[in-house]
>>> print(open('start.txt').read())   # compact mmCIF, N, CA and C atoms and all ligand atoms
# COMPACT_ATOMS: atom_id res chain seq x y z
N MET A 195 22.14 -21.73 7.77
CA MET A 195 21.11 -21.02 6.99
C MET A 195 19.75 -21.19 7.66
N GLU A 196 18.99 -20.11 7.73
CA GLU A 196 17.72 -20.14 8.46
C GLU A 196 16.61 -20.83 7.66
N ARG A 197 15.70 -21.48 8.39
CA ARG A 197 14.55 -22.13 7.74
C ARG A 197 13.26 -21.59 8.33
N THR A 198 12.26 -21.46 7.50
CA THR A 198 10.96 -21.01 7.99
C THR A 198 9.84 -21.85 7.39
N PHE A 199 8.69 -21.80 8.07
CA PHE A 199 7.52 -22.53 7.58
C PHE A 199 6.58 -21.56 6.87
N ILE A 200 6.28 -21.88 5.63
CA ILE A 200 5.38 -21.05 4.81
C ILE A 200 4.21 -21.93 4.38
N MET A 201 3.03 -21.37 4.44
CA MET A 201 1.85 -22.11 3.96
C MET A 201 1.03 -21.19 3.05
N ILE A 202 0.77 -21.65 1.83
CA ILE A 202 -0.20 -20.95 0.99
C ILE A 202 -1.57 -21.45 1.43
N LYS A 203 -2.41 -20.54 1.87
CA LYS A 203 -3.71 -20.88 2.46
C LYS A 203 -4.71 -21.24 1.35
N PRO A 204 -5.86 -21.86 1.73
CA PRO A 204 -6.79 -22.36 0.71
C PRO A 204 -7.24 -21.32 -0.32
N ASP A 205 -7.40 -20.07 0.08
CA ASP A 205 -7.84 -19.06 -0.90
C ASP A 205 -6.75 -18.81 -1.95
N GLY A 206 -5.49 -18.92 -1.55
CA GLY A 206 -4.39 -18.76 -2.49
C GLY A 206 -4.37 -19.88 -3.52
N ILE A 207 -4.66 -21.10 -3.07
CA ILE A 207 -4.71 -22.25 -3.99
C ILE A 207 -5.93 -22.10 -4.91
N GLN A 208 -7.11 -21.83 -4.30
CA GLN A 208 -8.35 -21.77 -5.07
C GLN A 208 -8.31 -20.67 -6.14
N ARG A 209 -7.62 -19.58 -5.84
CA ARG A 209 -7.58 -18.47 -6.79
C ARG A 209 -6.53 -18.64 -7.87
N GLY A 210 -5.74 -19.71 -7.77
CA GLY A 210 -4.77 -19.99 -8.82
C GLY A 210 -3.56 -19.07 -8.79
N ILE A 211 -3.18 -18.60 -7.59
CA ILE A 211 -2.02 -17.72 -7.50
C ILE A 211 -0.84 -18.40 -6.80
N MET A 212 -0.97 -19.72 -6.63
CA MET A 212 0.11 -20.48 -5.99
C MET A 212 1.43 -20.31 -6.75
N GLY A 213 1.38 -20.44 -8.06
CA GLY A 213 2.60 -20.36 -8.86
C GLY A 213 3.26 -18.99 -8.74
N GLU A 214 2.44 -17.96 -8.73
CA GLU A 214 2.96 -16.60 -8.64
C GLU A 214 3.64 -16.37 -7.28
N ILE A 215 3.03 -16.93 -6.23
CA ILE A 215 3.61 -16.77 -4.88
C ILE A 215 4.92 -17.54 -4.78
N ILE A 216 4.92 -18.77 -5.28
CA ILE A 216 6.14 -19.58 -5.25
C ILE A 216 7.24 -18.88 -6.06
N SER A 217 6.86 -18.30 -7.17
CA SER A 217 7.82 -17.59 -8.01
C SER A 217 8.47 -16.42 -7.25
N LYS A 218 7.68 -15.69 -6.47
CA LYS A 218 8.25 -14.58 -5.68
C LYS A 218 9.27 -15.10 -4.67
N ILE A 219 8.95 -16.22 -4.04
CA ILE A 219 9.85 -16.80 -3.04
C ILE A 219 11.16 -17.23 -3.72
N GLU A 220 11.03 -17.87 -4.88
CA GLU A 220 12.22 -18.33 -5.61
C GLU A 220 13.04 -17.15 -6.13
N LYS A 221 12.36 -16.14 -6.65
CA LYS A 221 13.08 -14.99 -7.21
C LYS A 221 13.81 -14.21 -6.12
N LYS A 222 13.31 -14.30 -4.88
CA LYS A 222 14.00 -13.65 -3.77
C LYS A 222 15.32 -14.36 -3.47
N GLY A 223 15.46 -15.58 -3.99
CA GLY A 223 16.70 -16.33 -3.77
C GLY A 223 16.57 -17.41 -2.72
N PHE A 224 15.34 -17.60 -2.20
CA PHE A 224 15.14 -18.64 -1.21
C PHE A 224 14.95 -19.99 -1.89
N LYS A 225 15.29 -21.04 -1.15
CA LYS A 225 15.13 -22.41 -1.66
C LYS A 225 13.95 -23.07 -0.97
N ILE A 226 13.08 -23.67 -1.74
CA ILE A 226 12.00 -24.47 -1.17
C ILE A 226 12.56 -25.88 -1.04
N ILE A 227 12.73 -26.34 0.21
CA ILE A 227 13.42 -27.63 0.37
C ILE A 227 12.47 -28.77 0.73
N GLN A 228 11.22 -28.43 1.09
CA GLN A 228 10.18 -29.45 1.25
C GLN A 228 8.88 -28.77 0.89
N ALA A 229 7.94 -29.52 0.32
CA ALA A 229 6.63 -28.95 0.02
C ALA A 229 5.61 -30.06 -0.09
N LYS A 230 4.41 -29.79 0.41
CA LYS A 230 3.30 -30.73 0.16
C LYS A 230 1.98 -30.00 0.06
N LEU A 231 1.23 -30.40 -0.97
CA LEU A 231 -0.11 -29.86 -1.21
C LEU A 231 -1.09 -30.90 -0.69
N PHE A 232 -1.82 -30.55 0.35
CA PHE A 232 -2.72 -31.54 0.95
C PHE A 232 -3.78 -30.85 1.81
N GLU A 233 -4.74 -31.64 2.30
CA GLU A 233 -5.75 -31.11 3.21
C GLU A 233 -5.39 -31.53 4.63
N PRO A 234 -4.95 -30.59 5.45
CA PRO A 234 -4.53 -30.93 6.80
C PRO A 234 -5.72 -31.32 7.68
N SER A 235 -5.44 -32.06 8.74
CA SER A 235 -6.50 -32.44 9.69
C SER A 235 -6.83 -31.25 10.59
N ARG A 236 -8.03 -31.29 11.17
CA ARG A 236 -8.42 -30.26 12.13
C ARG A 236 -7.44 -30.20 13.31
N ALA A 237 -7.01 -31.38 13.78
CA ALA A 237 -6.08 -31.42 14.92
C ALA A 237 -4.78 -30.69 14.59
N LEU A 238 -4.27 -30.90 13.39
CA LEU A 238 -3.02 -30.24 12.97
C LEU A 238 -3.20 -28.72 12.92
N VAL A 239 -4.30 -28.28 12.32
CA VAL A 239 -4.51 -26.84 12.16
C VAL A 239 -4.76 -26.18 13.53
N GLU A 240 -5.49 -26.87 14.39
CA GLU A 240 -5.73 -26.30 15.74
C GLU A 240 -4.43 -26.19 16.52
N GLU A 241 -3.55 -27.17 16.35
CA GLU A 241 -2.26 -27.09 17.06
C GLU A 241 -1.41 -25.95 16.47
N HIS A 242 -1.44 -25.82 15.16
CA HIS A 242 -0.69 -24.75 14.49
C HIS A 242 -1.10 -23.37 15.03
N TYR A 243 -2.40 -23.17 15.20
CA TYR A 243 -2.90 -21.87 15.67
C TYR A 243 -3.23 -21.88 17.16
N GLU A 244 -2.54 -22.72 17.91
CA GLU A 244 -2.83 -22.87 19.34
C GLU A 244 -2.79 -21.54 20.10
N GLU A 245 -1.85 -20.64 19.70
CA GLU A 245 -1.72 -19.34 20.40
C GLU A 245 -3.02 -18.51 20.32
N HIS A 246 -3.88 -18.83 19.36
CA HIS A 246 -5.12 -18.05 19.19
C HIS A 246 -6.35 -18.74 19.76
N LYS A 247 -6.15 -19.93 20.38
CA LYS A 247 -7.29 -20.67 20.95
C LYS A 247 -8.01 -19.78 21.96
N GLY A 248 -9.35 -19.74 21.88
CA GLY A 248 -10.12 -18.94 22.84
C GLY A 248 -10.44 -17.55 22.31
N LYS A 249 -9.75 -17.11 21.25
CA LYS A 249 -10.07 -15.79 20.70
C LYS A 249 -11.35 -15.86 19.85
N THR A 250 -11.97 -14.70 19.67
CA THR A 250 -13.27 -14.66 18.98
C THR A 250 -13.18 -15.23 17.56
N PHE A 251 -12.05 -15.03 16.89
CA PHE A 251 -11.94 -15.43 15.49
C PHE A 251 -11.41 -16.85 15.30
N PHE A 252 -11.14 -17.57 16.41
CA PHE A 252 -10.46 -18.87 16.31
C PHE A 252 -11.21 -19.87 15.43
N ASN A 253 -12.52 -20.08 15.70
CA ASN A 253 -13.26 -21.10 14.94
C ASN A 253 -13.34 -20.77 13.46
N GLU A 254 -13.57 -19.49 13.18
CA GLU A 254 -13.64 -19.05 11.79
C GLU A 254 -12.29 -19.28 11.09
N LEU A 255 -11.22 -18.98 11.81
CA LEU A 255 -9.87 -19.16 11.26
C LEU A 255 -9.61 -20.63 10.94
N ILE A 256 -9.94 -21.51 11.87
CA ILE A 256 -9.70 -22.95 11.67
C ILE A 256 -10.54 -23.46 10.49
N ASN A 257 -11.81 -23.09 10.44
CA ASN A 257 -12.68 -23.57 9.34
C ASN A 257 -12.21 -23.05 7.98
N TYR A 258 -11.70 -21.86 7.97
CA TYR A 258 -11.14 -21.31 6.72
C TYR A 258 -9.93 -22.11 6.25
N ILE A 259 -9.01 -22.41 7.16
CA ILE A 259 -7.82 -23.17 6.76
C ILE A 259 -8.21 -24.59 6.32
N LEU A 260 -9.34 -25.10 6.87
CA LEU A 260 -9.80 -26.44 6.50
C LEU A 260 -10.69 -26.45 5.25
N SER A 261 -10.85 -25.30 4.61
CA SER A 261 -11.81 -25.21 3.51
C SER A 261 -11.28 -25.77 2.18
N GLY A 262 -10.03 -26.19 2.14
CA GLY A 262 -9.46 -26.75 0.91
C GLY A 262 -8.00 -27.06 1.12
N PRO A 263 -7.35 -27.58 0.08
CA PRO A 263 -5.93 -27.90 0.23
C PRO A 263 -5.07 -26.66 0.49
N VAL A 264 -3.97 -26.89 1.19
CA VAL A 264 -2.97 -25.84 1.42
C VAL A 264 -1.63 -26.35 0.88
N MET A 265 -0.74 -25.44 0.60
CA MET A 265 0.62 -25.81 0.19
C MET A 265 1.55 -25.48 1.35
N ALA A 266 2.04 -26.52 2.02
CA ALA A 266 2.96 -26.34 3.15
C ALA A 266 4.38 -26.44 2.63
N MET A 267 5.23 -25.49 3.05
CA MET A 267 6.59 -25.46 2.52
C MET A 267 7.64 -25.16 3.60
N GLU A 268 8.78 -25.77 3.44
CA GLU A 268 9.96 -25.38 4.23
C GLU A 268 10.83 -24.53 3.31
N VAL A 269 11.10 -23.32 3.75
CA VAL A 269 11.83 -22.35 2.93
C VAL A 269 13.14 -21.99 3.64
N LYS A 270 14.22 -22.03 2.89
CA LYS A 270 15.54 -21.85 3.48
C LYS A 270 16.27 -20.66 2.85
N GLY A 271 16.96 -19.90 3.68
CA GLY A 271 17.75 -18.78 3.15
C GLY A 271 18.20 -17.87 4.28
N GLU A 272 19.03 -16.91 3.93
CA GLU A 272 19.54 -15.95 4.89
C GLU A 272 18.39 -15.14 5.51
N PHE A 273 18.29 -15.16 6.85
CA PHE A 273 17.24 -14.43 7.58
C PHE A 273 15.84 -14.74 7.02
N ALA A 274 15.63 -16.02 6.65
CA ALA A 274 14.38 -16.41 5.97
C ALA A 274 13.12 -16.04 6.77
N VAL A 275 13.17 -16.18 8.10
CA VAL A 275 11.96 -15.93 8.90
C VAL A 275 11.52 -14.47 8.75
N GLU A 276 12.43 -13.56 9.03
CA GLU A 276 12.08 -12.14 9.02
C GLU A 276 11.84 -11.63 7.60
N VAL A 277 12.66 -12.08 6.67
CA VAL A 277 12.50 -11.59 5.30
C VAL A 277 11.16 -12.08 4.73
N MET A 278 10.80 -13.33 4.99
CA MET A 278 9.51 -13.82 4.49
C MET A 278 8.35 -13.06 5.14
N ARG A 279 8.43 -12.77 6.44
CA ARG A 279 7.37 -12.00 7.10
C ARG A 279 7.22 -10.63 6.43
N ASN A 280 8.36 -10.01 6.10
CA ASN A 280 8.30 -8.71 5.42
C ASN A 280 7.69 -8.84 4.03
N MET A 281 8.02 -9.92 3.34
CA MET A 281 7.46 -10.13 2.00
C MET A 281 5.97 -10.42 2.05
N ILE A 282 5.52 -11.07 3.14
CA ILE A 282 4.10 -11.43 3.28
C ILE A 282 3.26 -10.19 3.57
N GLY A 283 3.72 -9.35 4.46
CA GLY A 283 2.98 -8.13 4.79
C GLY A 283 1.99 -8.34 5.93
N ASP A 284 1.40 -7.25 6.37
CA ASP A 284 0.52 -7.28 7.54
C ASP A 284 -0.77 -8.02 7.27
N LYS A 285 -1.33 -8.64 8.33
CA LYS A 285 -2.61 -9.35 8.18
C LYS A 285 -3.77 -8.37 7.97
N ASP A 286 -3.60 -7.14 8.44
CA ASP A 286 -4.65 -6.14 8.27
C ASP A 286 -4.50 -5.52 6.87
N PRO A 287 -5.49 -5.72 5.99
CA PRO A 287 -5.34 -5.22 4.62
C PRO A 287 -5.10 -3.71 4.54
N LYS A 288 -5.50 -2.99 5.59
CA LYS A 288 -5.27 -1.54 5.58
C LYS A 288 -3.79 -1.22 5.82
N LEU A 289 -3.07 -2.17 6.42
CA LEU A 289 -1.66 -1.95 6.76
C LEU A 289 -0.69 -2.70 5.86
N ALA A 290 -1.19 -3.66 5.08
CA ALA A 290 -0.29 -4.46 4.22
C ALA A 290 0.21 -3.59 3.08
N ALA A 291 1.51 -3.36 3.06
CA ALA A 291 2.11 -2.48 2.05
C ALA A 291 1.92 -3.08 0.65
N SER A 292 1.68 -2.21 -0.31
CA SER A 292 1.60 -2.69 -1.69
C SER A 292 3.00 -3.19 -2.04
N GLY A 293 3.08 -4.25 -2.80
CA GLY A 293 4.40 -4.85 -3.03
C GLY A 293 4.61 -6.07 -2.17
N THR A 294 3.91 -6.15 -1.03
CA THR A 294 3.95 -7.39 -0.26
C THR A 294 2.91 -8.35 -0.85
N ILE A 295 3.03 -9.63 -0.49
CA ILE A 295 2.11 -10.63 -1.06
C ILE A 295 0.67 -10.33 -0.62
N ARG A 296 0.48 -10.05 0.67
CA ARG A 296 -0.87 -9.70 1.11
C ARG A 296 -1.30 -8.34 0.55
N GLY A 297 -0.36 -7.42 0.45
CA GLY A 297 -0.69 -6.11 -0.12
C GLY A 297 -1.21 -6.24 -1.54
N GLU A 298 -0.65 -7.20 -2.25
CA GLU A 298 -1.03 -7.38 -3.65
C GLU A 298 -2.29 -8.24 -3.80
N PHE A 299 -2.42 -9.27 -2.94
CA PHE A 299 -3.44 -10.29 -3.20
C PHE A 299 -4.57 -10.38 -2.18
N ALA A 300 -4.44 -9.76 -1.00
CA ALA A 300 -5.44 -9.97 0.05
C ALA A 300 -6.17 -8.69 0.39
N ASN A 301 -7.49 -8.78 0.55
CA ASN A 301 -8.25 -7.58 0.95
C ASN A 301 -9.08 -7.82 2.19
N SER A 302 -8.79 -8.92 2.91
CA SER A 302 -9.55 -9.24 4.11
C SER A 302 -8.63 -9.90 5.13
N MET A 303 -8.87 -9.60 6.40
CA MET A 303 -8.08 -10.22 7.47
C MET A 303 -8.44 -11.69 7.61
N ASN A 304 -9.64 -12.07 7.16
CA ASN A 304 -10.11 -13.45 7.33
C ASN A 304 -9.52 -14.40 6.30
N THR A 305 -9.25 -13.89 5.11
CA THR A 305 -8.69 -14.73 4.06
C THR A 305 -7.49 -13.96 3.52
N ASN A 306 -6.30 -14.40 3.93
CA ASN A 306 -5.14 -13.56 3.59
C ASN A 306 -3.99 -14.34 2.95
N VAL A 307 -4.35 -15.41 2.22
CA VAL A 307 -3.49 -16.01 1.19
C VAL A 307 -2.28 -16.83 1.67
N ILE A 308 -1.61 -16.35 2.70
CA ILE A 308 -0.32 -16.99 3.04
C ILE A 308 0.00 -16.83 4.52
N HIS A 309 0.69 -17.81 5.04
CA HIS A 309 1.22 -17.77 6.41
C HIS A 309 2.73 -17.89 6.38
N GLY A 310 3.39 -17.19 7.31
CA GLY A 310 4.83 -17.39 7.54
C GLY A 310 5.11 -17.35 9.02
N SER A 311 6.01 -18.19 9.49
CA SER A 311 6.37 -18.24 10.92
C SER A 311 6.81 -16.86 11.39
N ASP A 312 6.42 -16.51 12.63
CA ASP A 312 6.71 -15.15 13.12
C ASP A 312 7.99 -15.03 13.94
N SER A 313 8.71 -16.16 14.16
CA SER A 313 9.99 -16.12 14.88
C SER A 313 10.74 -17.39 14.55
N ILE A 314 12.03 -17.40 14.89
CA ILE A 314 12.84 -18.61 14.64
C ILE A 314 12.28 -19.76 15.47
N GLU A 315 11.87 -19.44 16.70
CA GLU A 315 11.32 -20.47 17.57
C GLU A 315 10.03 -21.07 16.99
N SER A 316 9.10 -20.20 16.54
CA SER A 316 7.88 -20.78 15.94
C SER A 316 8.18 -21.52 14.64
N ALA A 317 9.19 -21.08 13.90
CA ALA A 317 9.55 -21.80 12.68
C ALA A 317 9.95 -23.24 13.01
N HIS A 318 10.76 -23.41 14.05
CA HIS A 318 11.16 -24.78 14.45
C HIS A 318 9.94 -25.61 14.82
N LEU A 319 9.06 -25.03 15.65
CA LEU A 319 7.87 -25.76 16.11
C LEU A 319 6.97 -26.11 14.93
N GLU A 320 6.75 -25.14 14.05
CA GLU A 320 5.82 -25.35 12.93
C GLU A 320 6.39 -26.34 11.91
N LEU A 321 7.70 -26.27 11.64
CA LEU A 321 8.29 -27.24 10.70
C LEU A 321 8.20 -28.65 11.28
N ASP A 322 8.43 -28.79 12.60
CA ASP A 322 8.29 -30.11 13.23
C ASP A 322 6.85 -30.61 13.12
N LEU A 323 5.92 -29.69 13.33
CA LEU A 323 4.50 -30.06 13.32
C LEU A 323 4.04 -30.48 11.92
N TRP A 324 4.41 -29.73 10.91
CA TRP A 324 3.88 -29.95 9.56
C TRP A 324 4.66 -30.99 8.77
N PHE A 325 5.93 -31.20 9.13
CA PHE A 325 6.75 -32.14 8.34
C PHE A 325 7.29 -33.27 9.19
N LYS A 326 6.65 -33.55 10.32
CA LYS A 326 7.20 -34.61 11.19
C LYS A 326 6.98 -35.98 10.55
P1 LIG B 1 -0.72 -16.03 10.16
O1 LIG B 1 -0.32 -16.57 11.52
O2 LIG B 1 -1.96 -16.66 9.62
O3 LIG B 1 0.42 -16.06 9.22
P2 LIG B 1 -0.27 -13.38 11.17
O4 LIG B 1 0.91 -13.98 11.87
O5 LIG B 1 -0.03 -12.23 10.28
O6 LIG B 1 -1.06 -14.48 10.32
P3 LIG B 1 -1.78 -13.66 13.60
O7 LIG B 1 -1.90 -12.60 14.60
O8 LIG B 1 -0.91 -14.83 13.90
O9 LIG B 1 -1.37 -12.98 12.21
O10 LIG B 1 -3.25 -14.17 13.28
C1 LIG B 1 -3.48 -15.40 12.61
C2 LIG B 1 -4.65 -15.25 11.67
O11 LIG B 1 -5.82 -15.05 12.44
C3 LIG B 1 -4.55 -14.04 10.77
O12 LIG B 1 -3.89 -14.36 9.56
C4 LIG B 1 -6.00 -13.69 10.54
O13 LIG B 1 -6.54 -14.47 9.49
C5 LIG B 1 -6.67 -14.12 11.82
N1 LIG B 1 -6.85 -12.98 12.73
C6 LIG B 1 -5.92 -12.45 13.55
N2 LIG B 1 -6.41 -11.42 14.25
C7 LIG B 1 -7.68 -11.28 13.86
C8 LIG B 1 -8.75 -10.40 14.21
N3 LIG B 1 -8.59 -9.44 15.12
N4 LIG B 1 -9.93 -10.57 13.59
C9 LIG B 1 -10.11 -11.53 12.67
N5 LIG B 1 -9.15 -12.40 12.30
C10 LIG B 1 -7.96 -12.29 12.88
MG MG B 2 0.79 -15.71 13.06
>>> encode(input="start.txt", output="structure tokens")
Amino acid sequence: MERTFIMIKPDGIQRGIMGEIISKIEKKGFKIIQAKLFEPSRALVEEHYEEHKGKTFFNELINYILSGPVMAMEVKGEFAVEVMRNMIGDKDPKLAASGTIRGEFANSMNTNVIHGSDSIESAHLELDLWFK
């Protein structure tokens, strides 16, 4: 069974929609097999977003993720990586389909509520990083 790394970002926690997001994941039939609500270190978040180091939005992205607690989760289920990405929706609010989590809850590329691993390989790396 496939596993993926999901993180509810600080705006999702601050807005009080954590329960609603978790409920969608559970209702889809996925199992949350590990979870922690905490404030990650800068080093952890920079490593998580290493692929974006050097891009114009990198510092803003890191400071946003460090702006409050996040809910880090290991989610398990059939094709969990791809199905969760589809449920999350596009990072661009103009492209995020209504019915997706971002389509419903996010209106900005800078604060977009939730992260999900984009491949099986990144899921392995991210789960090792966040739950080591
Ligand atoms: P995430 O990795 O956070 O789940 P994603 O996989 O949908 O999002 P990525 O391309 O990995 O999108 O970008 C990571 C994050 O960086 C995005 O969620 C967004 O907040 C920010 N970001 C990406 N591209 C841009 C951009 N062109 N301008 C501003 N912010 C951006
Ligand atoms: Mg990404």
>>> residues_near_ligand(input="start.txt", ligand="ligand LIG 1 (chain B)", cutoff="5 Å", atoms="all atoms listed in the file", output="number ranges by chain")
A: 285, 303-304, 308-310
>>> closest_residue(input="start.txt", among="A:Met265, A:Ser311, A:Phe299, A:Val277", to="Pro204 in chain A", atoms="only C-alpha atoms")
A:Met265
>>> closest_residue(input="start.txt", among="A:Ile207, A:Tyr243, A:Gly262, A:Thr294", to="ligand MG 2 (chain B)", atoms="only N, CA and C atoms and all ligand atoms")
A:Tyr243
>>> closest_residue(input="start.txt", among="A:Lys203, A:Met278, A:Val269, A:Ile216", to="Gln228 in chain A", atoms="only C-alpha atoms")
A:Val269
>>> atom_distance(input="start.txt", atom1="atom N of Glu272 in chain A", atom2="CA of Trp324 in chain A")
20.8 Å
>>> closest_residue(input="start.txt", among="A:Gly283, A:Gly210, A:Gly271, A:Gly297", to="ligand MG 2 (chain B)", atoms="only C-alpha atoms and all ligand atoms")
A:Gly283
>>> atom_distance(input="start.txt", atom1="atom N of Ala237 in chain A", atom2="CA of Leu319 in chain A")
16.1 Å
>>> closest_residue(input="start.txt", among="A:Ile259, A:Val239, A:Ile211, A:Ala317", to="Glu276 in chain A", atoms="only C-alpha atoms")
A:Ala317
>>> residues_around(input="start.txt", residues="Glu298 in chain A", least_positions_apart="2", cutoff="12 Å", atoms="only C-alpha atoms", output="ChimeraX atom specification")
/A:206,211,214-215,218,281-284,287-296,300-302,306-308
>>> write_last_selection(input="start.txt", atoms="N, CA and C atoms", output="PDB file, in the frame of the given file")
ATOM      1  N   GLY A 206      -5.490 -18.920  -1.550  1.00  0.00           N
ATOM      2  CA  GLY A 206      -4.390 -18.760  -2.490  1.00  0.00           C
ATOM      3  C   GLY A 206      -4.370 -19.880  -3.520  1.00  0.00           C
ATOM      4  N   ILE A 211      -3.180 -18.600  -7.590  1.00  0.00           N
ATOM      5  CA  ILE A 211      -2.020 -17.720  -7.500  1.00  0.00           C
ATOM      6  C   ILE A 211      -0.840 -18.400  -6.800  1.00  0.00           C
ATOM      7  N   GLU A 214       2.440 -17.960  -8.730  1.00  0.00           N
ATOM      8  CA  GLU A 214       2.960 -16.600  -8.640  1.00  0.00           C
ATOM      9  C   GLU A 214       3.640 -16.370  -7.280  1.00  0.00           C
ATOM     10  N   ILE A 215       3.030 -16.930  -6.230  1.00  0.00           N
ATOM     11  CA  ILE A 215       3.610 -16.770  -4.880  1.00  0.00           C
ATOM     12  C   ILE A 215       4.920 -17.540  -4.780  1.00  0.00           C
ATOM     13  N   LYS A 218       7.680 -15.690  -6.470  1.00  0.00           N
ATOM     14  CA  LYS A 218       8.250 -14.580  -5.680  1.00  0.00           C
ATOM     15  C   LYS A 218       9.270 -15.100  -4.670  1.00  0.00           C
ATOM     16  N   MET A 281       8.020  -9.920   3.340  1.00  0.00           N
ATOM     17  CA  MET A 281       7.460 -10.130   2.000  1.00  0.00           C
ATOM     18  C   MET A 281       5.970 -10.420   2.050  1.00  0.00           C
ATOM     19  N   ILE A 282       5.520 -11.070   3.140  1.00  0.00           N
ATOM     20  CA  ILE A 282       4.100 -11.430   3.280  1.00  0.00           C
ATOM     21  C   ILE A 282       3.260 -10.190   3.570  1.00  0.00           C
ATOM     22  N   GLY A 283       3.720  -9.350   4.460  1.00  0.00           N
ATOM     23  CA  GLY A 283       2.980  -8.130   4.790  1.00  0.00           C
ATOM     24  C   GLY A 283       1.990  -8.340   5.930  1.00  0.00           C
ATOM     25  N   ASP A 284       1.400  -7.250   6.370  1.00  0.00           N
ATOM     26  CA  ASP A 284       0.520  -7.280   7.540  1.00  0.00           C
ATOM     27  C   ASP A 284      -0.770  -8.020   7.270  1.00  0.00           C
ATOM     28  N   PRO A 287      -5.490  -5.720   5.990  1.00  0.00           N
ATOM     29  CA  PRO A 287      -5.340  -5.220   4.620  1.00  0.00           C
ATOM     30  C   PRO A 287      -5.100  -3.710   4.540  1.00  0.00           C
ATOM     31  N   LYS A 288      -5.500  -2.990   5.590  1.00  0.00           N
ATOM     32  CA  LYS A 288      -5.270  -1.540   5.580  1.00  0.00           C
ATOM     33  C   LYS A 288      -3.790  -1.220   5.820  1.00  0.00           C
ATOM     34  N   LEU A 289      -3.070  -2.170   6.420  1.00  0.00           N
ATOM     35  CA  LEU A 289      -1.660  -1.950   6.760  1.00  0.00           C
ATOM     36  C   LEU A 289      -0.690  -2.700   5.860  1.00  0.00           C
ATOM     37  N   ALA A 290      -1.190  -3.660   5.080  1.00  0.00           N
ATOM     38  CA  ALA A 290      -0.290  -4.460   4.220  1.00  0.00           C
ATOM     39  C   ALA A 290       0.210  -3.590   3.080  1.00  0.00           C
ATOM     40  N   ALA A 291       1.510  -3.360   3.060  1.00  0.00           N
ATOM     41  CA  ALA A 291       2.110  -2.480   2.050  1.00  0.00           C
ATOM     42  C   ALA A 291       1.920  -3.080   0.650  1.00  0.00           C
ATOM     43  N   SER A 292       1.680  -2.210  -0.310  1.00  0.00           N
ATOM     44  CA  SER A 292       1.600  -2.690  -1.690  1.00  0.00           C
ATOM     45  C   SER A 292       3.000  -3.190  -2.040  1.00  0.00           C
ATOM     46  N   GLY A 293       3.080  -4.250  -2.800  1.00  0.00           N
ATOM     47  CA  GLY A 293       4.400  -4.850  -3.030  1.00  0.00           C
ATOM     48  C   GLY A 293       4.610  -6.070  -2.170  1.00  0.00           C
ATOM     49  N   THR A 294       3.910  -6.150  -1.030  1.00  0.00           N
ATOM     50  CA  THR A 294       3.950  -7.390  -0.260  1.00  0.00           C
ATOM     51  C   THR A 294       2.910  -8.350  -0.850  1.00  0.00           C
ATOM     52  N   ILE A 295       3.030  -9.630  -0.490  1.00  0.00           N
ATOM     53  CA  ILE A 295       2.110 -10.630  -1.060  1.00  0.00           C
ATOM     54  C   ILE A 295       0.670 -10.330  -0.620  1.00  0.00           C
ATOM     55  N   ARG A 296       0.480 -10.050   0.670  1.00  0.00           N
ATOM     56  CA  ARG A 296      -0.870  -9.700   1.110  1.00  0.00           C
ATOM     57  C   ARG A 296      -1.300  -8.340   0.550  1.00  0.00           C
ATOM     58  N   ALA A 300      -4.440  -9.760  -1.000  1.00  0.00           N
ATOM     59  CA  ALA A 300      -5.440  -9.970   0.050  1.00  0.00           C
ATOM     60  C   ALA A 300      -6.170  -8.690   0.390  1.00  0.00           C
ATOM     61  N   ASN A 301      -7.490  -8.780   0.550  1.00  0.00           N
ATOM     62  CA  ASN A 301      -8.250  -7.580   0.950  1.00  0.00           C
ATOM     63  C   ASN A 301      -9.080  -7.820   2.190  1.00  0.00           C
ATOM     64  N   SER A 302      -8.790  -8.920   2.910  1.00  0.00           N
ATOM     65  CA  SER A 302      -9.550  -9.240   4.110  1.00  0.00           C
ATOM     66  C   SER A 302      -8.630  -9.900   5.130  1.00  0.00           C
ATOM     67  N   ASN A 306      -6.300 -14.400   3.930  1.00  0.00           N
ATOM     68  CA  ASN A 306      -5.140 -13.560   3.590  1.00  0.00           C
ATOM     69  C   ASN A 306      -3.990 -14.340   2.950  1.00  0.00           C
ATOM     70  N   VAL A 307      -4.350 -15.410   2.220  1.00  0.00           N
ATOM     71  CA  VAL A 307      -3.490 -16.010   1.190  1.00  0.00           C
ATOM     72  C   VAL A 307      -2.280 -16.830   1.670  1.00  0.00           C
ATOM     73  N   ILE A 308      -1.610 -16.350   2.700  1.00  0.00           N
ATOM     74  CA  ILE A 308      -0.320 -16.990   3.040  1.00  0.00           C
ATOM     75  C   ILE A 308       0.000 -16.830   4.520  1.00  0.00           C
TER      76      ILE A 308
END
>>> atom_distance(input="start.txt", atom1="atom C of Ile314 in chain A", atom2="CA of Ser261 in chain A")
27.4 Å
>>> select_by_dssp(input="start.txt", residues="range 219-319 of chain A", states="strand (DSSP E or B)", output="list in words")
Lys225, Ile226, Ile227, Gln228, Ala229, Lys230, Leu231, Phe232, Val264, Met265, Ala266, Met267, Glu268, Val269, Lys270, Gly271, Ser292, Thr294, Ile308, His309 and Gly310 of chain A
>>> select_by_dssp(input="start.txt", residues="chain A", states="alpha helix (DSSP H)", output="NGL selection string")
:A and (204-208 or 212-221 or 236-242 or 252-259 or 274-282 or 295-299 or 314-325)
>>> closest_residue(input="start.txt", among="A:Leu321, A:Ile256, A:Asp312, A:Met201", to="ligand MG 2 (chain B)", atoms="only C-alpha atoms and all ligand atoms")
A:Asp312
